[in-house]
Amino acid sequence: MTDRGDTADTYRIAEGRLGDEPTVTVSAPDGAVRVVLALRGATLLSWRVARGAAGQPTELTELTELTDGYRDEAELLAQDGVRAGLLAPFSNRVADGRYHYGGHDHDLLPGRTADRTVYHGFAREAPFKLIGVVTTADSARLLLRTTSIRPDRHPGYPFALDLDVEYTIGRRELGIEVRATNVGETTAPYASGWHPYFTLSRPRPVDDLVLQIPAHTLIRTDASLIPLPGTEALLPLDRCPDLDFRTPRRLGDAVIDACFADLTPGPDGRTETVLSDPATGSELRVWQYGGYLHVFTGDTLARDRRASIALEPVEVPTDAYNRPEHANALSLEPGGQRGFRFGVTYQT
């Protein structure tokens with residue numbers, strides 16, 4: 001992608017800052033869409049879309065914020081809540097920060113004896129560069145890249161990856177593809193995901209929103225949110241009605257921090273999780289091709305608890321690095337490339 005010449009009738013690209021952190025703002029030609037990305041982590045900071053019906057004159061619409069991202073530089077640097085973080089080369093937790101791969105033991109937290117919680121990989125804090133843009137009257141595509149994952153950069157991960165993140169921004173849809181290329185000489189463990197928080201009811205909490213998840217299995221975990229051994233981790237949702245959202249249900253006071261498996265795709269292979277607001281008739285369809293869905297109702301966030309809900313497409317469940325059944329899914333051969341596609345559509 002090389003076309004960076006936007007005109008009055010195409011999507012516009014503008015560079016900016018969040019404090020000292022570089023950002024990119026993408027705007028529709030009529031102002032009905034506005035997206036802000038931080039180059040740190042290729043992180044979505046804001047996604048605002050016109051509330052009116054498609055085709056309605058822009059002057060009759062207003063923009064509504066659909067995500068609950070980092071609001072300032074301090075939040076972005078602190079990474080509290082991992083708001084809209086892109087998760088690679090692993091998502092969620094690695095038990096005790098340790099794993100065995102390629103005949104070797106690896107420690108992601110060498111020397112640490114106290115809190116050994118590690119989660120969501122390194123990409124969310126990596127320096128990305130904007131290397132390509134294509135704009136039309138209907139959409140914008142941005143390609144961002146980081147070459148920061150190298151054997152000497154991250155303890156316990158002696159592998160070399162290049163990561164490309166492609167954003168496609170349309171009138172009502174935001175699509176993302178994360179692609180990893182193994183530029184090292186050994187097979188690397190790798191998986192990706194996304195950690196966005198969505199809101200349709202602000203300033204109301206998420207309690208009155210309705211959620212539908214086309215999943216048939218829940219991943220059971222221990223108190224540290226690590227999946228139970230082997231098949232003990234697989235709980236059919238028929239046996240767990242409190243977390244069965246196959247039929248749309250109001251969230252109410254449900255406290256959720258769980259991974260859903262056995263997602264049912266549509267005819268095109270795309271799975272859609274639907275979050276809707278009965279008060280306005282608006283809805284978000286979080287889509288993905290393959291993988292699992294992690295849901296977090298934001299009950300432990302430092303800011304604005306339960307003001308938004310995290311609906312997270314992930315390639316593999318928590319602690320996949322320590323689960324033999326995921327070894328093939330994780331393995332990325334030297335010179336190999338793998339991508340994971342997901343995104344969200346807004347409907348009124």
# chains A, B, ... in the order shown; residues from 1 in each chain; ligands from 1
>>> residues_around(residues="Gly81 of chain A", least_positions_apart="6", cutoff="10 Å", atoms="only C-alpha atoms", output="PyMOL selection string")
chain A and resi 69-70+75+195-197+298+300-303+310
>>> write_last_selection(atoms="N, CA, C and O atoms", output="CSV table (one decimal), in the first residue's frame")
chain,number,residue,atom,x,y,z
A,69,GLY,N,-11.3,3.6,25.1
A,69,GLY,CA,-9.9,3.4,25.0
A,69,GLY,C,-9.1,4.3,26.0
A,69,GLY,O,-9.7,5.0,26.9
A,70,TYR,N,-7.8,4.3,25.9
A,70,TYR,CA,-7.0,5.2,26.7
A,70,TYR,C,-7.3,6.6,26.4
A,70,TYR,O,-7.3,7.0,25.3
A,75,GLU,N,-2.3,6.9,30.7
A,75,GLU,CA,-3.0,5.7,30.6
A,75,GLU,C,-2.4,4.7,29.6
A,75,GLU,O,-2.3,3.5,29.8
A,195,HIS,N,-8.0,-6.8,22.5
A,195,HIS,CA,-8.6,-6.6,23.8
A,195,HIS,C,-9.4,-5.3,23.8
A,195,HIS,O,-9.1,-4.4,24.6
A,196,PRO,N,-10.4,-5.1,23.0
A,196,PRO,CA,-11.2,-3.9,22.9
A,196,PRO,C,-12.3,-3.8,24.0
A,196,PRO,O,-12.8,-4.9,24.3
A,197,TYR,N,-12.6,-2.6,24.4
A,197,TYR,CA,-13.7,-2.4,25.3
A,197,TYR,C,-14.8,-1.6,24.5
A,197,TYR,O,-14.4,-0.6,23.9
A,298,GLY,N,-15.3,-5.8,33.0
A,298,GLY,CA,-14.6,-4.6,33.5
A,298,GLY,C,-14.8,-4.3,35.0
A,298,GLY,O,-14.7,-3.2,35.4
A,300,THR,N,-12.9,-4.9,37.5
A,300,THR,CA,-11.7,-4.6,38.3
A,300,THR,C,-10.9,-3.5,37.6
A,300,THR,O,-9.7,-3.2,38.0
A,301,LEU,N,-11.4,-2.8,36.7
A,301,LEU,CA,-10.7,-1.7,36.1
A,301,LEU,C,-10.5,-0.6,37.1
A,301,LEU,O,-11.3,-0.3,37.9
A,302,ALA,N,-9.3,0.1,36.9
A,302,ALA,CA,-9.0,1.3,37.8
A,302,ALA,C,-9.9,2.5,37.5
A,302,ALA,O,-10.2,3.3,38.4
A,303,ARG,N,-10.4,2.6,36.2
A,303,ARG,CA,-11.3,3.7,35.9
A,303,ARG,C,-12.6,3.1,35.2
A,303,ARG,O,-12.6,2.3,34.4
A,310,ALA,N,-15.3,-5.8,27.6
A,310,ALA,CA,-14.3,-6.3,26.6
A,310,ALA,C,-14.8,-7.5,26.0
A,310,ALA,O,-15.1,-8.5,26.6
>>> residues_around(residues="Asp105 of chain A", least_positions_apart="6", cutoff="10 Å", atoms="only C-alpha atoms", output="list in words")
Arg98, Tyr99 and Gly156 of chain A
>>> write_last_selection(atoms="N, CA and C atoms", output="tab-separated table (two decimals), in the first residue's frame")
chain	number	residue	atom	x	y	z
A	98	ARG	N	6.13	-19.08	32.95
A	98	ARG	CA	7.08	-20.09	32.47
A	98	ARG	C	6.41	-21.01	31.46
A	99	TYR	N	7.21	-21.51	30.52
A	99	TYR	CA	6.71	-22.49	29.57
A	99	TYR	C	7.89	-23.28	29.01
A	156	GLY	N	12.86	-14.57	28.04
A	156	GLY	CA	12.01	-15.74	27.94
A	156	GLY	C	11.36	-15.94	26.59
>>> select_by_dssp(residues="segment 116-183 of chain A", states="strand (DSSP E)", output="ChimeraX atom specification")
/A:129-135,140-149,161-169,173-182
>>> residues_around(residues="Leu332 of chain A", least_positions_apart="2", cutoff="8 Å", atoms="only C-alpha atoms", output="list in words")
Asn182, Thr187, Ala188, Pro189, Tyr190, Leu330, Pro334, Gly336, Gln337 and Arg338 of chain A
>>> atom_distance(atom1="atom CA of Gly41 of chain A", atom2="atom CA of Ala123 of chain A")
5.6 Å
>>> residues_around(residues="Pro227 of chain A", least_positions_apart="5", cutoff="12 Å", atoms="only C-alpha atoms", output="PyMOL selection string")
chain A and resi 92-95+218-222+232-235+258-260+316-323
>>> residues_around(residues="Glu173 of chain A", least_positions_apart="2", cutoff="7 Å", atoms="only C-alpha atoms", output="VMD selection string")
chain A and resid 169 to 171 175 344 to 346
>>> atom_distance(atom1="atom CA of Gly281 of chain A", atom2="atom CA of Gln347 of chain A")
8.5 Å
>>> closest_residue(among="A:Gly31, A:Ile226, A:His154, A:Leu251", to="Thr117 of chain A", atoms="only C-alpha atoms")
A:Ile226
>>> residues_around(residues="segment 8-12 of chain A", least_positions_apart="3", cutoff="8 Å", atoms="only C-alpha atoms", output="PDB file with all heavy atoms, in the first residue's frame")
ATOM      1  N   THR A  25      -4.897  10.000  12.944  1.00  0.00           N
ATOM      2  CA  THR A  25      -6.340  10.162  12.930  1.00  0.00           C
ATOM      3  C   THR A  25      -6.861   9.932  11.523  1.00  0.00           C
ATOM      4  O   THR A  25      -6.322  10.478  10.553  1.00  0.00           O
ATOM      5  CB  THR A  25      -6.749  11.569  13.411  1.00  0.00           C
ATOM      6  OG1 THR A  25      -6.325  11.748  14.769  1.00  0.00           O
ATOM      7  CG2 THR A  25      -8.259  11.759  13.337  1.00  0.00           C
ATOM      8  N   VAL A  26      -7.901   9.116  11.414  1.00  0.00           N
ATOM      9  CA  VAL A  26      -8.524   8.795  10.138  1.00  0.00           C
ATOM     10  C   VAL A  26      -9.947   9.343  10.168  1.00  0.00           C
ATOM     11  O   VAL A  26     -10.707   9.053  11.097  1.00  0.00           O
ATOM     12  CB  VAL A  26      -8.558   7.276   9.901  1.00  0.00           C
ATOM     13  CG1 VAL A  26      -9.161   6.955   8.536  1.00  0.00           C
ATOM     14  CG2 VAL A  26      -7.164   6.676  10.043  1.00  0.00           C
ATOM     15  N   SER A  27     -10.317  10.134   9.143  1.00  0.00           N
ATOM     16  CA  SER A  27     -11.636  10.749   9.099  1.00  0.00           C
ATOM     17  C   SER A  27     -12.296  10.503   7.757  1.00  0.00           C
ATOM     18  O   SER A  27     -11.641  10.577   6.706  1.00  0.00           O
ATOM     19  CB  SER A  27     -11.544  12.264   9.344  1.00  0.00           C
ATOM     20  OG  SER A  27     -10.905  12.546  10.563  1.00  0.00           O
ATOM     21  N   ALA A  28     -13.603  10.237   7.783  1.00  0.00           N
ATOM     22  CA  ALA A  28     -14.369  10.119   6.545  1.00  0.00           C
ATOM     23  C   ALA A  28     -14.492  11.486   5.897  1.00  0.00           C
ATOM     24  O   ALA A  28     -14.428  12.526   6.575  1.00  0.00           O
ATOM     25  CB  ALA A  28     -15.746   9.541   6.835  1.00  0.00           C
ATOM     26  N   PRO A  29     -14.667  11.541   4.572  1.00  0.00           N
ATOM     27  CA  PRO A  29     -14.734  12.838   3.897  1.00  0.00           C
ATOM     28  C   PRO A  29     -15.869  13.732   4.395  1.00  0.00           C
ATOM     29  O   PRO A  29     -15.737  14.955   4.377  1.00  0.00           O
ATOM     30  CB  PRO A  29     -14.915  12.466   2.419  1.00  0.00           C
ATOM     31  CG  PRO A  29     -15.250  11.025   2.390  1.00  0.00           C
ATOM     32  CD  PRO A  29     -14.690  10.424   3.625  1.00  0.00           C
ATOM     33  N   THR A 135      -6.459   5.327   0.600  1.00  0.00           N
ATOM     34  CA  THR A 135      -7.726   5.972   0.923  1.00  0.00           C
ATOM     35  C   THR A 135      -8.608   6.052  -0.306  1.00  0.00           C
ATOM     36  O   THR A 135      -8.130   6.305  -1.415  1.00  0.00           O
ATOM     37  CB  THR A 135      -7.499   7.390   1.477  1.00  0.00           C
ATOM     38  OG1 THR A 135      -6.792   8.171   0.507  1.00  0.00           O
ATOM     39  CG2 THR A 135      -6.704   7.362   2.769  1.00  0.00           C
ATOM     40  N   THR A 136      -9.907   5.844  -0.104  1.00  0.00           N
ATOM     41  CA  THR A 136     -10.912   6.021  -1.150  1.00  0.00           C
ATOM     42  C   THR A 136     -12.048   6.832  -0.554  1.00  0.00           C
ATOM     43  O   THR A 136     -11.994   7.262   0.606  1.00  0.00           O
ATOM     44  CB  THR A 136     -11.442   4.665  -1.649  1.00  0.00           C
ATOM     45  OG1 THR A 136     -12.236   4.063  -0.617  1.00  0.00           O
ATOM     46  CG2 THR A 136     -10.301   3.730  -2.025  1.00  0.00           C
ATOM     47  N   ALA A 137     -13.102   7.005  -1.313  1.00  0.00           N
ATOM     48  CA  ALA A 137     -14.272   7.724  -0.807  1.00  0.00           C
ATOM     49  C   ALA A 137     -15.018   6.905   0.238  1.00  0.00           C
ATOM     50  O   ALA A 137     -15.789   7.458   1.034  1.00  0.00           O
ATOM     51  CB  ALA A 137     -15.198   8.072  -1.958  1.00  0.00           C
ATOM     52  N   ASP A 138     -14.795   5.581   0.255  1.00  0.00           N
ATOM     53  CA  ASP A 138     -15.574   4.704   1.123  1.00  0.00           C
ATOM     54  C   ASP A 138     -14.801   4.129   2.297  1.00  0.00           C
ATOM     55  O   ASP A 138     -15.408   3.639   3.251  1.00  0.00           O
ATOM     56  CB  ASP A 138     -16.140   3.532   0.303  1.00  0.00           C
ATOM     57  CG  ASP A 138     -17.037   4.004  -0.825  1.00  0.00           C
ATOM     58  OD1 ASP A 138     -17.897   4.866  -0.563  1.00  0.00           O
ATOM     59  OD2 ASP A 138     -16.875   3.518  -1.957  1.00  0.00           O
ATOM     60  N   SER A 139     -13.472   4.160   2.248  1.00  0.00           N
ATOM     61  CA  SER A 139     -12.721   3.505   3.304  1.00  0.00           C
ATOM     62  C   SER A 139     -11.269   3.964   3.313  1.00  0.00           C
ATOM     63  O   SER A 139     -10.808   4.648   2.384  1.00  0.00           O
ATOM     64  CB  SER A 139     -12.764   1.978   3.139  1.00  0.00           C
ATOM     65  OG  SER A 139     -12.075   1.590   1.971  1.00  0.00           O
ATOM     66  N   ALA A 140     -10.574   3.560   4.359  1.00  0.00           N
ATOM     67  CA  ALA A 140      -9.129   3.777   4.454  1.00  0.00           C
ATOM     68  C   ALA A 140      -8.497   2.494   4.955  1.00  0.00           C
ATOM     69  O   ALA A 140      -9.053   1.806   5.814  1.00  0.00           O
ATOM     70  CB  ALA A 140      -8.811   4.928   5.404  1.00  0.00           C
TER      71      ALA A 140
END
>>> closest_residue(among="A:Arg249, A:His100, A:Arg305, A:His216", to="Tyr292 of chain A", atoms="only C-alpha atoms")
A:His216
>>> residues_around(residues="Ala84 of chain A", least_positions_apart="6", cutoff="12 Å", atoms="only C-alpha atoms", output="PyMOL selection string")
chain A and resi 36-38+40-47+66-71+76+120+123-125+176+193-198+308-313+343
>>> closest_residue(among="A:Pro278, A:Pro155, A:Pro89, A:Pro214", to="Leu200 of chain A", atoms="only C-alpha atoms")
A:Pro278
>>> atom_distance(atom1="atom CA of Leu87 of chain A", atom2="atom CA of Arg179 of chain A")
11.6 Å
>>> select_by_dssp(residues="segment 228-306 of chain A", states="helix (DSSP H, G or I)", output="list in words")
Gly230, Thr231, Glu232, Ala233, Leu237, Asp238, Arg239, Pro241, Asp242 and Leu243 of chain A
>>> write_last_selection(atoms="C-alpha atoms", output="mmCIF file, in the first residue's frame")
data_model
loop_
_atom_site.group_PDB
_atom_site.id
_atom_site.type_symbol
_atom_site.label_atom_id
_atom_site.label_comp_id
_atom_site.auth_asym_id
_atom_site.auth_seq_id
_atom_site.Cartn_x
_atom_site.Cartn_y
_atom_site.Cartn_z
ATOM 1 C CA GLY A 230 -6.772 -31.280 29.836
ATOM 2 C CA THR A 231 -10.435 -31.904 29.128
ATOM 3 C CA GLU A 232 -11.375 -30.731 32.639
ATOM 4 C CA ALA A 233 -11.178 -27.249 31.154
ATOM 5 C CA LEU A 237 -22.610 -24.405 28.230
ATOM 6 C CA ASP A 238 -25.672 -26.627 28.573
ATOM 7 C CA ARG A 239 -24.273 -27.329 32.035
ATOM 8 C CA PRO A 241 -26.721 -21.684 32.175
ATOM 9 C CA ASP A 242 -25.476 -18.576 34.000
ATOM 10 C CA LEU A 243 -22.889 -18.010 31.264
#
